[in-house]
$ cat query-v9.cif   # mmCIF, N, CA and C atoms
data_coords
#
loop_
_atom_site.label_atom_id
_atom_site.label_comp_id
_atom_site.auth_asym_id
_atom_site.auth_seq_id
_atom_site.Cartn_x
_atom_site.Cartn_y
_atom_site.Cartn_z
N MET F 7 -17.88 157.32 -167.48
CA MET F 7 -17.24 156.02 -167.66
C MET F 7 -15.74 156.16 -167.39
N ASP F 8 -15.20 155.25 -166.63
CA ASP F 8 -13.79 155.25 -166.32
C ASP F 8 -13.01 154.78 -167.55
N GLN F 9 -12.13 155.64 -168.04
CA GLN F 9 -11.35 155.33 -169.24
C GLN F 9 -9.94 154.85 -168.89
N THR F 10 -9.63 154.69 -167.60
CA THR F 10 -8.29 154.31 -167.17
C THR F 10 -7.94 152.91 -167.66
N VAL F 11 -6.77 152.81 -168.26
CA VAL F 11 -6.28 151.53 -168.75
C VAL F 11 -4.91 151.29 -168.12
N ASN F 12 -4.69 150.10 -167.61
CA ASN F 12 -3.40 149.73 -167.05
C ASN F 12 -2.52 149.23 -168.19
N TYR F 13 -1.85 150.17 -168.85
CA TYR F 13 -1.05 149.80 -170.02
C TYR F 13 0.13 148.89 -169.70
N PRO F 14 0.84 149.08 -168.59
CA PRO F 14 1.91 148.13 -168.28
C PRO F 14 1.38 146.69 -168.14
N MET F 15 0.21 146.52 -167.54
CA MET F 15 -0.40 145.19 -167.44
C MET F 15 -0.78 144.68 -168.83
N LEU F 16 -1.30 145.55 -169.65
CA LEU F 16 -1.68 145.17 -171.02
C LEU F 16 -0.45 144.67 -171.80
N VAL F 17 0.67 145.35 -171.62
CA VAL F 17 1.91 144.92 -172.29
C VAL F 17 2.33 143.55 -171.78
N ARG F 18 2.26 143.33 -170.47
CA ARG F 18 2.61 142.01 -169.93
C ARG F 18 1.70 140.92 -170.48
N GLN F 19 0.41 141.22 -170.61
CA GLN F 19 -0.53 140.25 -171.17
C GLN F 19 -0.21 139.97 -172.63
N LEU F 20 0.10 141.01 -173.39
CA LEU F 20 0.46 140.84 -174.80
C LEU F 20 1.69 139.95 -174.92
N LEU F 21 2.70 140.21 -174.13
CA LEU F 21 3.93 139.41 -174.21
C LEU F 21 3.67 137.96 -173.81
N ALA F 22 2.82 137.74 -172.80
CA ALA F 22 2.49 136.38 -172.39
C ALA F 22 1.72 135.64 -173.48
N LEU F 23 0.76 136.33 -174.10
CA LEU F 23 -0.06 135.72 -175.16
C LEU F 23 0.77 135.31 -176.38
N THR F 24 1.82 136.09 -176.66
CA THR F 24 2.57 135.89 -177.90
C THR F 24 3.90 135.16 -177.70
N GLU F 25 4.22 134.85 -176.46
CA GLU F 25 5.50 134.19 -176.17
C GLU F 25 5.58 132.83 -176.87
N ASP F 26 6.66 132.64 -177.59
CA ASP F 26 6.93 131.38 -178.30
C ASP F 26 5.85 131.02 -179.32
N VAL F 27 5.14 132.02 -179.82
CA VAL F 27 4.14 131.79 -180.88
C VAL F 27 4.70 132.38 -182.17
N PRO F 28 5.09 131.53 -183.12
CA PRO F 28 5.73 132.02 -184.34
C PRO F 28 4.74 132.39 -185.45
N TYR F 29 3.46 132.48 -185.14
CA TYR F 29 2.44 132.71 -186.17
C TYR F 29 1.92 134.14 -186.10
N GLU F 30 2.31 134.93 -187.07
CA GLU F 30 1.95 136.35 -187.09
C GLU F 30 0.44 136.57 -187.02
N THR F 31 -0.31 135.89 -187.84
CA THR F 31 -1.76 136.09 -187.88
C THR F 31 -2.40 135.75 -186.53
N ALA F 32 -1.97 134.65 -185.93
CA ALA F 32 -2.51 134.27 -184.62
C ALA F 32 -2.18 135.33 -183.57
N ASN F 33 -0.95 135.82 -183.58
CA ASN F 33 -0.57 136.84 -182.60
C ASN F 33 -1.37 138.13 -182.80
N LEU F 34 -1.52 138.56 -184.03
CA LEU F 34 -2.28 139.78 -184.30
C LEU F 34 -3.75 139.62 -183.92
N ALA F 35 -4.30 138.45 -184.18
CA ALA F 35 -5.69 138.18 -183.81
C ALA F 35 -5.86 138.25 -182.30
N ASN F 36 -4.96 137.63 -181.56
CA ASN F 36 -5.05 137.66 -180.11
C ASN F 36 -4.82 139.06 -179.54
N VAL F 37 -3.90 139.80 -180.11
CA VAL F 37 -3.65 141.15 -179.62
C VAL F 37 -4.85 142.05 -179.91
N SER F 38 -5.47 141.91 -181.08
CA SER F 38 -6.66 142.73 -181.35
C SER F 38 -7.79 142.37 -180.38
N ALA F 39 -7.93 141.09 -180.06
CA ALA F 39 -8.95 140.68 -179.08
C ALA F 39 -8.62 141.21 -177.69
N LEU F 40 -7.35 141.18 -177.32
CA LEU F 40 -6.92 141.71 -176.02
C LEU F 40 -7.24 143.20 -175.91
N LEU F 41 -6.90 143.95 -176.94
CA LEU F 41 -7.20 145.39 -176.94
C LEU F 41 -8.70 145.64 -176.88
N TRP F 42 -9.45 144.85 -177.63
CA TRP F 42 -10.91 144.97 -177.67
C TRP F 42 -11.50 144.81 -176.27
N GLN F 43 -10.96 143.87 -175.51
CA GLN F 43 -11.46 143.63 -174.14
C GLN F 43 -10.96 144.68 -173.16
N ALA F 44 -9.72 145.16 -173.32
CA ALA F 44 -9.08 146.01 -172.32
C ALA F 44 -9.44 147.49 -172.44
N LEU F 45 -9.73 147.94 -173.66
CA LEU F 45 -9.96 149.37 -173.87
C LEU F 45 -11.44 149.70 -173.85
N PRO F 46 -11.86 150.55 -172.93
CA PRO F 46 -13.27 150.93 -172.89
C PRO F 46 -13.63 151.89 -174.03
N ASP F 47 -14.88 151.85 -174.42
CA ASP F 47 -15.45 152.82 -175.35
C ASP F 47 -14.74 152.85 -176.71
N ILE F 48 -14.51 151.65 -177.27
CA ILE F 48 -13.97 151.58 -178.62
C ILE F 48 -14.93 150.75 -179.48
N ASN F 49 -14.87 150.96 -180.78
CA ASN F 49 -15.72 150.17 -181.68
C ASN F 49 -14.92 149.47 -182.78
N TRP F 50 -13.58 149.60 -182.74
CA TRP F 50 -12.74 148.88 -183.70
C TRP F 50 -11.32 148.87 -183.17
N ALA F 51 -10.67 147.72 -183.28
CA ALA F 51 -9.26 147.60 -182.89
C ALA F 51 -8.61 146.55 -183.78
N GLY F 52 -7.57 146.95 -184.47
CA GLY F 52 -6.93 145.97 -185.35
C GLY F 52 -5.73 146.52 -186.07
N PHE F 53 -5.37 145.81 -187.13
CA PHE F 53 -4.11 146.05 -187.81
C PHE F 53 -4.30 146.17 -189.31
N TYR F 54 -3.45 147.01 -189.88
CA TYR F 54 -3.26 147.07 -191.32
C TYR F 54 -1.78 146.80 -191.58
N LYS F 55 -1.48 145.92 -192.52
CA LYS F 55 -0.11 145.55 -192.83
C LYS F 55 0.30 146.12 -194.18
N MET F 56 1.53 146.64 -194.24
CA MET F 56 2.06 147.17 -195.49
C MET F 56 2.32 146.03 -196.47
N GLU F 57 1.68 146.11 -197.63
CA GLU F 57 1.88 145.13 -198.70
C GLU F 57 1.74 145.84 -200.03
N ASP F 58 2.71 145.63 -200.90
CA ASP F 58 2.67 146.22 -202.24
C ASP F 58 2.45 147.73 -202.20
N GLY F 59 3.07 148.42 -201.24
CA GLY F 59 3.02 149.87 -201.19
C GLY F 59 1.75 150.47 -200.63
N CYS F 60 0.89 149.65 -200.04
CA CYS F 60 -0.31 150.19 -199.40
C CYS F 60 -0.62 149.36 -198.15
N LEU F 61 -1.60 149.81 -197.39
CA LEU F 61 -2.00 149.09 -196.18
C LEU F 61 -3.13 148.13 -196.50
N ILE F 62 -2.98 146.89 -196.07
CA ILE F 62 -3.98 145.85 -196.30
C ILE F 62 -4.53 145.40 -194.94
N LEU F 63 -5.83 145.24 -194.86
CA LEU F 63 -6.51 144.85 -193.63
C LEU F 63 -5.94 143.55 -193.07
N GLY F 64 -5.71 143.57 -191.77
CA GLY F 64 -5.25 142.39 -191.03
C GLY F 64 -6.27 142.02 -189.97
N PRO F 65 -5.87 141.20 -189.01
CA PRO F 65 -6.79 140.80 -187.93
C PRO F 65 -7.33 142.01 -187.17
N PHE F 66 -8.60 141.92 -186.78
CA PHE F 66 -9.25 143.02 -186.07
C PHE F 66 -10.45 142.53 -185.30
N GLN F 67 -10.98 143.41 -184.45
CA GLN F 67 -12.25 143.23 -183.76
C GLN F 67 -13.12 144.43 -184.12
N GLY F 68 -14.36 144.19 -184.45
CA GLY F 68 -15.27 145.27 -184.82
C GLY F 68 -16.00 144.94 -186.10
N LYS F 69 -16.66 145.96 -186.65
CA LYS F 69 -17.41 145.79 -187.89
C LYS F 69 -16.45 145.61 -189.07
N PRO F 70 -16.95 145.05 -190.18
CA PRO F 70 -16.12 144.93 -191.38
C PRO F 70 -15.49 146.28 -191.72
N ALA F 71 -14.29 146.21 -192.30
CA ALA F 71 -13.50 147.43 -192.50
C ALA F 71 -13.00 147.54 -193.93
N CYS F 72 -12.44 148.70 -194.24
CA CYS F 72 -11.81 148.93 -195.54
C CYS F 72 -10.68 147.93 -195.71
N ILE F 73 -10.55 147.39 -196.89
CA ILE F 73 -9.56 146.35 -197.15
C ILE F 73 -8.20 146.94 -197.53
N ARG F 74 -8.22 147.97 -198.34
CA ARG F 74 -6.97 148.54 -198.87
C ARG F 74 -6.97 150.05 -198.63
N ILE F 75 -5.87 150.55 -198.03
CA ILE F 75 -5.75 151.99 -197.78
C ILE F 75 -4.43 152.47 -198.39
N PRO F 76 -4.49 153.36 -199.36
CA PRO F 76 -3.26 153.89 -199.96
C PRO F 76 -2.46 154.73 -198.94
N LEU F 77 -1.15 154.71 -199.07
CA LEU F 77 -0.31 155.55 -198.22
C LEU F 77 -0.70 157.01 -198.39
N GLY F 78 -0.75 157.72 -197.26
CA GLY F 78 -1.08 159.13 -197.30
C GLY F 78 -2.57 159.42 -197.29
N ARG F 79 -3.42 158.38 -197.37
CA ARG F 79 -4.87 158.59 -197.37
C ARG F 79 -5.44 158.20 -196.02
N GLY F 80 -6.35 159.00 -195.51
CA GLY F 80 -7.00 158.71 -194.25
C GLY F 80 -6.02 158.76 -193.09
N VAL F 81 -6.51 158.43 -191.91
CA VAL F 81 -5.70 158.48 -190.71
C VAL F 81 -4.62 157.39 -190.75
N CYS F 82 -5.00 156.18 -191.14
CA CYS F 82 -4.04 155.07 -191.20
C CYS F 82 -2.96 155.33 -192.24
N GLY F 83 -3.36 155.72 -193.44
CA GLY F 83 -2.40 155.98 -194.50
C GLY F 83 -1.46 157.12 -194.18
N THR F 84 -1.96 158.13 -193.46
CA THR F 84 -1.13 159.25 -193.03
C THR F 84 -0.12 158.81 -191.98
N ALA F 85 -0.58 158.01 -191.00
CA ALA F 85 0.33 157.50 -189.97
C ALA F 85 1.47 156.71 -190.59
N ALA F 86 1.15 155.86 -191.56
CA ALA F 86 2.17 155.04 -192.20
C ALA F 86 3.10 155.89 -193.06
N ALA F 87 2.55 156.82 -193.83
CA ALA F 87 3.36 157.64 -194.72
C ALA F 87 4.30 158.55 -193.95
N GLU F 88 3.82 159.10 -192.83
CA GLU F 88 4.63 160.03 -192.04
C GLU F 88 5.41 159.32 -190.93
N ASP F 89 5.14 158.02 -190.73
CA ASP F 89 5.75 157.26 -189.63
C ASP F 89 5.59 158.02 -188.31
N ARG F 90 4.32 158.39 -188.04
CA ARG F 90 4.03 159.20 -186.87
C ARG F 90 2.65 158.84 -186.34
N VAL F 91 2.55 158.74 -185.02
CA VAL F 91 1.25 158.46 -184.39
C VAL F 91 0.26 159.55 -184.78
N GLN F 92 -0.95 159.13 -185.10
CA GLN F 92 -2.04 160.05 -185.39
C GLN F 92 -3.08 159.90 -184.29
N LEU F 93 -3.26 160.92 -183.47
CA LEU F 93 -4.29 160.94 -182.44
C LEU F 93 -5.31 161.99 -182.90
N VAL F 94 -6.47 161.51 -183.31
CA VAL F 94 -7.46 162.39 -183.94
C VAL F 94 -8.71 162.46 -183.07
N PRO F 95 -8.91 163.60 -182.38
CA PRO F 95 -10.07 163.73 -181.49
C PRO F 95 -11.41 163.63 -182.22
N ASN F 96 -11.47 164.18 -183.45
CA ASN F 96 -12.71 164.15 -184.23
C ASN F 96 -12.35 163.83 -185.68
N VAL F 97 -12.62 162.60 -186.10
CA VAL F 97 -12.22 162.17 -187.44
C VAL F 97 -12.89 162.98 -188.55
N HIS F 98 -14.02 163.59 -188.24
CA HIS F 98 -14.74 164.38 -189.25
C HIS F 98 -14.00 165.67 -189.59
N ASP F 99 -13.03 166.05 -188.73
CA ASP F 99 -12.20 167.22 -188.99
C ASP F 99 -10.87 166.86 -189.65
N PHE F 100 -10.64 165.56 -189.89
CA PHE F 100 -9.37 165.11 -190.48
C PHE F 100 -9.50 165.12 -192.00
N PRO F 101 -8.65 165.91 -192.68
CA PRO F 101 -8.74 165.96 -194.15
C PRO F 101 -8.52 164.57 -194.77
N GLY F 102 -9.44 164.16 -195.62
CA GLY F 102 -9.31 162.89 -196.31
C GLY F 102 -9.65 161.67 -195.47
N HIS F 103 -10.34 161.87 -194.35
CA HIS F 103 -10.72 160.74 -193.50
C HIS F 103 -11.50 159.71 -194.32
N ILE F 104 -11.18 158.44 -194.12
CA ILE F 104 -11.89 157.35 -194.79
C ILE F 104 -12.85 156.76 -193.78
N ALA F 105 -14.14 156.87 -194.05
CA ALA F 105 -15.16 156.42 -193.10
C ALA F 105 -15.54 154.97 -193.36
N CYS F 106 -14.77 154.04 -192.80
CA CYS F 106 -15.11 152.62 -192.92
C CYS F 106 -16.35 152.31 -192.08
N ASP F 107 -16.47 152.95 -190.92
CA ASP F 107 -17.61 152.78 -190.03
C ASP F 107 -18.11 154.17 -189.65
N SER F 108 -19.32 154.51 -190.06
CA SER F 108 -19.86 155.85 -189.80
C SER F 108 -20.04 156.13 -188.31
N ALA F 109 -20.00 155.09 -187.47
CA ALA F 109 -20.14 155.29 -186.02
C ALA F 109 -18.84 155.77 -185.38
N SER F 110 -17.72 155.68 -186.08
CA SER F 110 -16.44 156.11 -185.51
C SER F 110 -16.34 157.63 -185.53
N ASN F 111 -15.95 158.19 -184.38
CA ASN F 111 -15.80 159.64 -184.26
C ASN F 111 -14.40 160.08 -183.85
N SER F 112 -13.63 159.20 -183.22
CA SER F 112 -12.24 159.51 -182.90
C SER F 112 -11.39 158.29 -183.19
N GLU F 113 -10.08 158.53 -183.34
CA GLU F 113 -9.21 157.45 -183.80
C GLU F 113 -7.79 157.71 -183.34
N ILE F 114 -7.08 156.62 -183.08
CA ILE F 114 -5.64 156.69 -182.84
C ILE F 114 -4.99 155.59 -183.68
N VAL F 115 -3.91 155.95 -184.35
CA VAL F 115 -3.18 155.02 -185.21
C VAL F 115 -1.70 155.10 -184.85
N VAL F 116 -1.12 153.93 -184.56
CA VAL F 116 0.28 153.85 -184.15
C VAL F 116 1.05 153.04 -185.18
N PRO F 117 2.08 153.62 -185.81
CA PRO F 117 2.89 152.86 -186.76
C PRO F 117 3.62 151.71 -186.07
N LEU F 118 3.78 150.62 -186.80
CA LEU F 118 4.52 149.45 -186.32
C LEU F 118 5.70 149.21 -187.27
N HIS F 119 6.80 148.75 -186.70
CA HIS F 119 8.03 148.59 -187.47
C HIS F 119 8.59 147.18 -187.37
N LYS F 120 9.27 146.78 -188.42
CA LYS F 120 10.01 145.52 -188.43
C LYS F 120 11.27 145.76 -189.24
N ASP F 121 12.41 145.38 -188.67
CA ASP F 121 13.71 145.57 -189.33
C ASP F 121 13.92 147.02 -189.75
N GLY F 122 13.45 147.97 -188.93
CA GLY F 122 13.68 149.39 -189.19
C GLY F 122 12.76 150.02 -190.21
N ASN F 123 11.81 149.24 -190.75
CA ASN F 123 10.88 149.76 -191.76
C ASN F 123 9.45 149.72 -191.24
N ILE F 124 8.60 150.52 -191.86
CA ILE F 124 7.18 150.48 -191.51
C ILE F 124 6.65 149.10 -191.88
N TRP F 125 6.11 148.39 -190.91
CA TRP F 125 5.50 147.08 -191.13
C TRP F 125 4.00 147.24 -191.38
N GLY F 126 3.40 148.21 -190.68
CA GLY F 126 1.97 148.46 -190.77
C GLY F 126 1.55 149.39 -189.66
N VAL F 127 0.27 149.30 -189.27
CA VAL F 127 -0.23 150.18 -188.21
C VAL F 127 -1.21 149.43 -187.30
N LEU F 128 -1.26 149.90 -186.07
CA LEU F 128 -2.30 149.54 -185.11
C LEU F 128 -3.33 150.65 -185.19
N ASP F 129 -4.57 150.31 -185.40
CA ASP F 129 -5.66 151.28 -185.58
C ASP F 129 -6.74 151.00 -184.54
N ILE F 130 -7.15 152.04 -183.81
CA ILE F 130 -8.22 151.90 -182.83
C ILE F 130 -9.19 153.07 -183.00
N ASP F 131 -10.48 152.76 -183.09
CA ASP F 131 -11.54 153.76 -183.27
C ASP F 131 -12.48 153.76 -182.08
N SER F 132 -13.13 154.91 -181.89
CA SER F 132 -14.14 155.04 -180.84
C SER F 132 -15.33 155.81 -181.38
N PRO F 133 -16.53 155.50 -180.87
CA PRO F 133 -17.69 156.29 -181.25
C PRO F 133 -17.75 157.64 -180.53
N THR F 134 -16.86 157.86 -179.57
CA THR F 134 -16.88 159.07 -178.75
C THR F 134 -15.84 160.08 -179.24
N VAL F 135 -16.26 161.30 -179.52
CA VAL F 135 -15.34 162.38 -179.88
C VAL F 135 -14.40 162.62 -178.70
N GLY F 136 -13.11 162.73 -178.99
CA GLY F 136 -12.13 163.02 -177.95
C GLY F 136 -11.81 161.85 -177.03
N ARG F 137 -12.12 160.63 -177.44
CA ARG F 137 -11.92 159.45 -176.59
C ARG F 137 -10.47 159.23 -176.19
N PHE F 138 -9.53 159.46 -177.11
CA PHE F 138 -8.14 159.10 -176.88
C PHE F 138 -7.34 160.28 -176.33
N THR F 139 -6.50 159.98 -175.33
CA THR F 139 -5.74 161.01 -174.62
C THR F 139 -4.24 160.82 -174.85
N ALA F 140 -3.46 161.75 -174.33
CA ALA F 140 -2.01 161.62 -174.37
C ALA F 140 -1.58 160.36 -173.60
N GLU F 141 -2.28 160.02 -172.54
CA GLU F 141 -1.98 158.80 -171.79
C GLU F 141 -2.22 157.55 -172.66
N ASP F 142 -3.31 157.55 -173.42
CA ASP F 142 -3.56 156.45 -174.35
C ASP F 142 -2.45 156.36 -175.39
N ARG F 143 -2.05 157.50 -175.89
CA ARG F 143 -0.98 157.52 -176.90
C ARG F 143 0.28 156.89 -176.33
N ALA F 144 0.70 157.33 -175.14
CA ALA F 144 1.92 156.79 -174.52
C ALA F 144 1.77 155.30 -174.24
N GLY F 145 0.60 154.89 -173.76
CA GLY F 145 0.36 153.48 -173.46
C GLY F 145 0.35 152.63 -174.70
N LEU F 146 -0.28 153.11 -175.76
CA LEU F 146 -0.34 152.33 -177.00
C LEU F 146 1.00 152.30 -177.71
N GLU F 147 1.84 153.30 -177.49
CA GLU F 147 3.20 153.24 -178.01
C GLU F 147 3.98 152.12 -177.30
N LEU F 148 3.73 151.92 -176.01
CA LEU F 148 4.34 150.80 -175.28
C LEU F 148 3.84 149.46 -175.83
N VAL F 149 2.54 149.39 -176.08
CA VAL F 149 1.94 148.18 -176.66
C VAL F 149 2.59 147.90 -178.02
N ALA F 150 2.71 148.93 -178.84
CA ALA F 150 3.30 148.76 -180.17
C ALA F 150 4.75 148.28 -180.07
N ALA F 151 5.51 148.87 -179.16
CA ALA F 151 6.92 148.46 -179.01
C ALA F 151 7.02 146.99 -178.60
N ALA F 152 6.14 146.56 -177.71
CA ALA F 152 6.13 145.15 -177.29
C ALA F 152 5.75 144.24 -178.46
N LEU F 153 4.76 144.66 -179.23
CA LEU F 153 4.31 143.86 -180.37
C LEU F 153 5.41 143.77 -181.43
N GLU F 154 6.13 144.86 -181.63
CA GLU F 154 7.20 144.84 -182.64
C GLU F 154 8.25 143.76 -182.32
N GLU F 155 8.44 143.45 -181.05
CA GLU F 155 9.36 142.38 -180.67
C GLU F 155 8.87 141.02 -181.19
N ARG F 156 7.59 140.89 -181.45
CA ARG F 156 7.01 139.61 -181.86
C ARG F 156 6.75 139.52 -183.37
N LEU F 157 6.96 140.60 -184.10
CA LEU F 157 6.70 140.58 -185.54
C LEU F 157 7.81 139.88 -186.29
#
$ encode --input "query-v9.cif" --output "C-alpha cells"
Amino acid sequence: MDQTVNYPMLVRQLLALTEDVPYETANLANVSALLWQALPDINWAGFYKMEDGCLILGPFQGKPACIRIPLGRGVCGTAAAEDRVQLVPNVHDFPGHIACDSASNSEIVVPLHKDGNIWGVLDIDSPTVGRFTAEDRAGLELVAAALEERL
C-alpha cells in the first residue's frame, strides 16, 4: 500500500477549511475528518485538549476513545507532559500505553500550542506496526503548526 502523503497539500487544505472560521470545535472536527481521509492505514485521528491539568477528548474520527488522559500517562499524556512528539512504532512496547482501541498497534502524537503553552495534542493511530515514519512526523509537525495558527 502506498503510504505517501502530500503534506504541503494537506496543510493548504487545512488552512482553506479553517480560514475565517472562529469556531474551535468545528475546525477540529473538519481537520480530524481531513486527516482521516488523507492518511492511509489509520484507525483513529483526533484531538485531546488540555483542561484542568489533564487531556480531555476532543473531535475525532474512529472508534469511541478514552475521555480523560492524565499528563504523563500513555502516549498522549507523555507527549503533552514532555512537550515532544511521540512516534511509537509498536504501542505494545510503550510503557504505560493506554489501549483505547485494541486494534491500534502504532501511534504518533504531536503536541499543539496556544500562546506558548501546551493546548493539547493531535493523536493518530494505525492498526499496522511501524506505520508512521520520520516523513510522517515532519509532515504532521507542519500540519500542527498550521493548526496552531487557527487555535
$ select_by_dssp --input "query-v9.cif" --residues "region 13-157 of chain F" --states "alpha helix (DSSP H)" --output "PyMOL selection string"
chain F and resi 13-24+30-44+80-88+140-154
$ residues_around --input "query-v9.cif" --residues "region 20-32 of chain F" --least-positions-apart "2" --cutoff "7 Å" --atoms "all atoms listed in the file" --output "PyMOL selection string"
chain F and resi 15-18+34-37+65+152+156-157
$ closest_residue --input "query-v9.cif" --among "F:Ser38, F:Asn12, F:Gln67, F:Thr84" --to "Pro117 (chain F)" --atoms "only C-alpha atoms"
F:Thr84
$ atom_distance --input "query-v9.cif" --atom1 "atom N of Ile124 (chain F)" --atom2 "CA of Val97 (chain F)"
24.3 Å
$ atom_distance --input "query-v9.cif" --atom1 "atom C of Phe100 (chain F)" --atom2 "CA of Val81 (chain F)"
7.8 Å
$ atom_distance --input "query-v9.cif" --atom1 "CA of Ile104 (chain F)" --atom2 "CA of Ala71 (chain F)"
10.3 Å
$ decode --input "query-v9.cif" --residues "region 107-131 of chain F" --atoms "N, CA and C atoms" --output "PDB file, in the first residue's frame"
ATOM      1  N   ASP F 107      -8.291   1.463  21.910  1.00  0.00           N
ATOM      2  CA  ASP F 107      -8.742   0.577  20.836  1.00  0.00           C
ATOM      3  C   ASP F 107      -7.708  -0.529  20.688  1.00  0.00           C
ATOM      4  N   SER F 108      -8.088  -1.757  20.975  1.00  0.00           N
ATOM      5  CA  SER F 108      -7.141  -2.877  20.925  1.00  0.00           C
ATOM      6  C   SER F 108      -6.606  -3.133  19.516  1.00  0.00           C
ATOM      7  N   ALA F 109      -7.240  -2.559  18.490  1.00  0.00           N
ATOM      8  CA  ALA F 109      -6.762  -2.730  17.107  1.00  0.00           C
ATOM      9  C   ALA F 109      -5.577  -1.820  16.792  1.00  0.00           C
ATOM     10  N   SER F 110      -5.314  -0.822  17.627  1.00  0.00           N
ATOM     11  CA  SER F 110      -4.205   0.100  17.366  1.00  0.00           C
ATOM     12  C   SER F 110      -2.878  -0.562  17.717  1.00  0.00           C
ATOM     13  N   ASN F 111      -1.922  -0.464  16.795  1.00  0.00           N
ATOM     14  CA  ASN F 111      -0.599  -1.043  17.009  1.00  0.00           C
ATOM     15  C   ASN F 111       0.535  -0.031  16.916  1.00  0.00           C
ATOM     16  N   SER F 112       0.316   1.096  16.243  1.00  0.00           N
ATOM     17  CA  SER F 112       1.317   2.162  16.214  1.00  0.00           C
ATOM     18  C   SER F 112       0.605   3.496  16.369  1.00  0.00           C
ATOM     19  N   GLU F 113       1.381   4.510  16.767  1.00  0.00           N
ATOM     20  CA  GLU F 113       0.756   5.784  17.113  1.00  0.00           C
ATOM     21  C   GLU F 113       1.764   6.910  16.943  1.00  0.00           C
ATOM     22  N   ILE F 114       1.241   8.068  16.573  1.00  0.00           N
ATOM     23  CA  ILE F 114       2.037   9.293  16.578  1.00  0.00           C
ATOM     24  C   ILE F 114       1.196  10.373  17.258  1.00  0.00           C
ATOM     25  N   VAL F 115       1.837  11.115  18.147  1.00  0.00           N
ATOM     26  CA  VAL F 115       1.160  12.181  18.892  1.00  0.00           C
ATOM     27  C   VAL F 115       2.021  13.439  18.795  1.00  0.00           C
ATOM     28  N   VAL F 116       1.381  14.529  18.351  1.00  0.00           N
ATOM     29  CA  VAL F 116       2.076  15.799  18.154  1.00  0.00           C
ATOM     30  C   VAL F 116       1.476  16.835  19.100  1.00  0.00           C
ATOM     31  N   PRO F 117       2.292  17.421  19.988  1.00  0.00           N
ATOM     32  CA  PRO F 117       1.782  18.473  20.871  1.00  0.00           C
ATOM     33  C   PRO F 117       1.333  19.694  20.067  1.00  0.00           C
ATOM     34  N   LEU F 118       0.297  20.353  20.567  1.00  0.00           N
ATOM     35  CA  LEU F 118      -0.224  21.585  19.976  1.00  0.00           C
ATOM     36  C   LEU F 118      -0.118  22.697  21.017  1.00  0.00           C
ATOM     37  N   HIS F 119       0.162  23.905  20.544  1.00  0.00           N
ATOM     38  CA  HIS F 119       0.400  25.029  21.444  1.00  0.00           C
ATOM     39  C   HIS F 119      -0.505  26.209  21.133  1.00  0.00           C
ATOM     40  N   LYS F 120      -0.795  26.967  22.172  1.00  0.00           N
ATOM     41  CA  LYS F 120      -1.517  28.232  22.028  1.00  0.00           C
ATOM     42  C   LYS F 120      -0.932  29.187  23.047  1.00  0.00           C
ATOM     43  N   ASP F 121      -0.570  30.382  22.594  1.00  0.00           N
ATOM     44  CA  ASP F 121       0.022  31.394  23.473  1.00  0.00           C
ATOM     45  C   ASP F 121       1.240  30.855  24.219  1.00  0.00           C
ATOM     46  N   GLY F 122       2.036  30.006  23.553  1.00  0.00           N
ATOM     47  CA  GLY F 122       3.266  29.494  24.143  1.00  0.00           C
ATOM     48  C   GLY F 122       3.103  28.349  25.122  1.00  0.00           C
ATOM     49  N   ASN F 123       1.863  27.898  25.329  1.00  0.00           N
ATOM     50  CA  ASN F 123       1.602  26.802  26.270  1.00  0.00           C
ATOM     51  C   ASN F 123       1.033  25.590  25.539  1.00  0.00           C
ATOM     52  N   ILE F 124       1.155  24.434  26.172  1.00  0.00           N
ATOM     53  CA  ILE F 124       0.539  23.231  25.606  1.00  0.00           C
ATOM     54  C   ILE F 124      -0.974  23.437  25.591  1.00  0.00           C
ATOM     55  N   TRP F 125      -1.567  23.344  24.423  1.00  0.00           N
ATOM     56  CA  TRP F 125      -3.018  23.459  24.259  1.00  0.00           C
ATOM     57  C   TRP F 125      -3.650  22.061  24.310  1.00  0.00           C
ATOM     58  N   GLY F 126      -2.930  21.087  23.748  1.00  0.00           N
ATOM     59  CA  GLY F 126      -3.413  19.714  23.663  1.00  0.00           C
ATOM     60  C   GLY F 126      -2.530  18.930  22.719  1.00  0.00           C
ATOM     61  N   VAL F 127      -3.101  17.872  22.129  1.00  0.00           N
ATOM     62  CA  VAL F 127      -2.321  17.034  21.212  1.00  0.00           C
ATOM     63  C   VAL F 127      -3.175  16.581  20.030  1.00  0.00           C
ATOM     64  N   LEU F 128      -2.480  16.347  18.932  1.00  0.00           N
ATOM     65  CA  LEU F 128      -3.025  15.650  17.774  1.00  0.00           C
ATOM     66  C   LEU F 128      -2.585  14.204  17.922  1.00  0.00           C
ATOM     67  N   ASP F 129      -3.515  13.285  17.861  1.00  0.00           N
ATOM     68  CA  ASP F 129      -3.248  11.856  18.069  1.00  0.00           C
ATOM     69  C   ASP F 129      -3.719  11.078  16.846  1.00  0.00           C
ATOM     70  N   ILE F 130      -2.844  10.234  16.298  1.00  0.00           N
ATOM     71  CA  ILE F 130      -3.210   9.401  15.153  1.00  0.00           C
ATOM     72  C   ILE F 130      -2.720   7.978  15.420  1.00  0.00           C
ATOM     73  N   ASP F 131      -3.610   7.008  15.236  1.00  0.00           N
ATOM     74  CA  ASP F 131      -3.306   5.592  15.463  1.00  0.00           C
ATOM     75  C   ASP F 131      -3.435   4.809  14.166  1.00  0.00           C
TER      76      ASP F 131
END
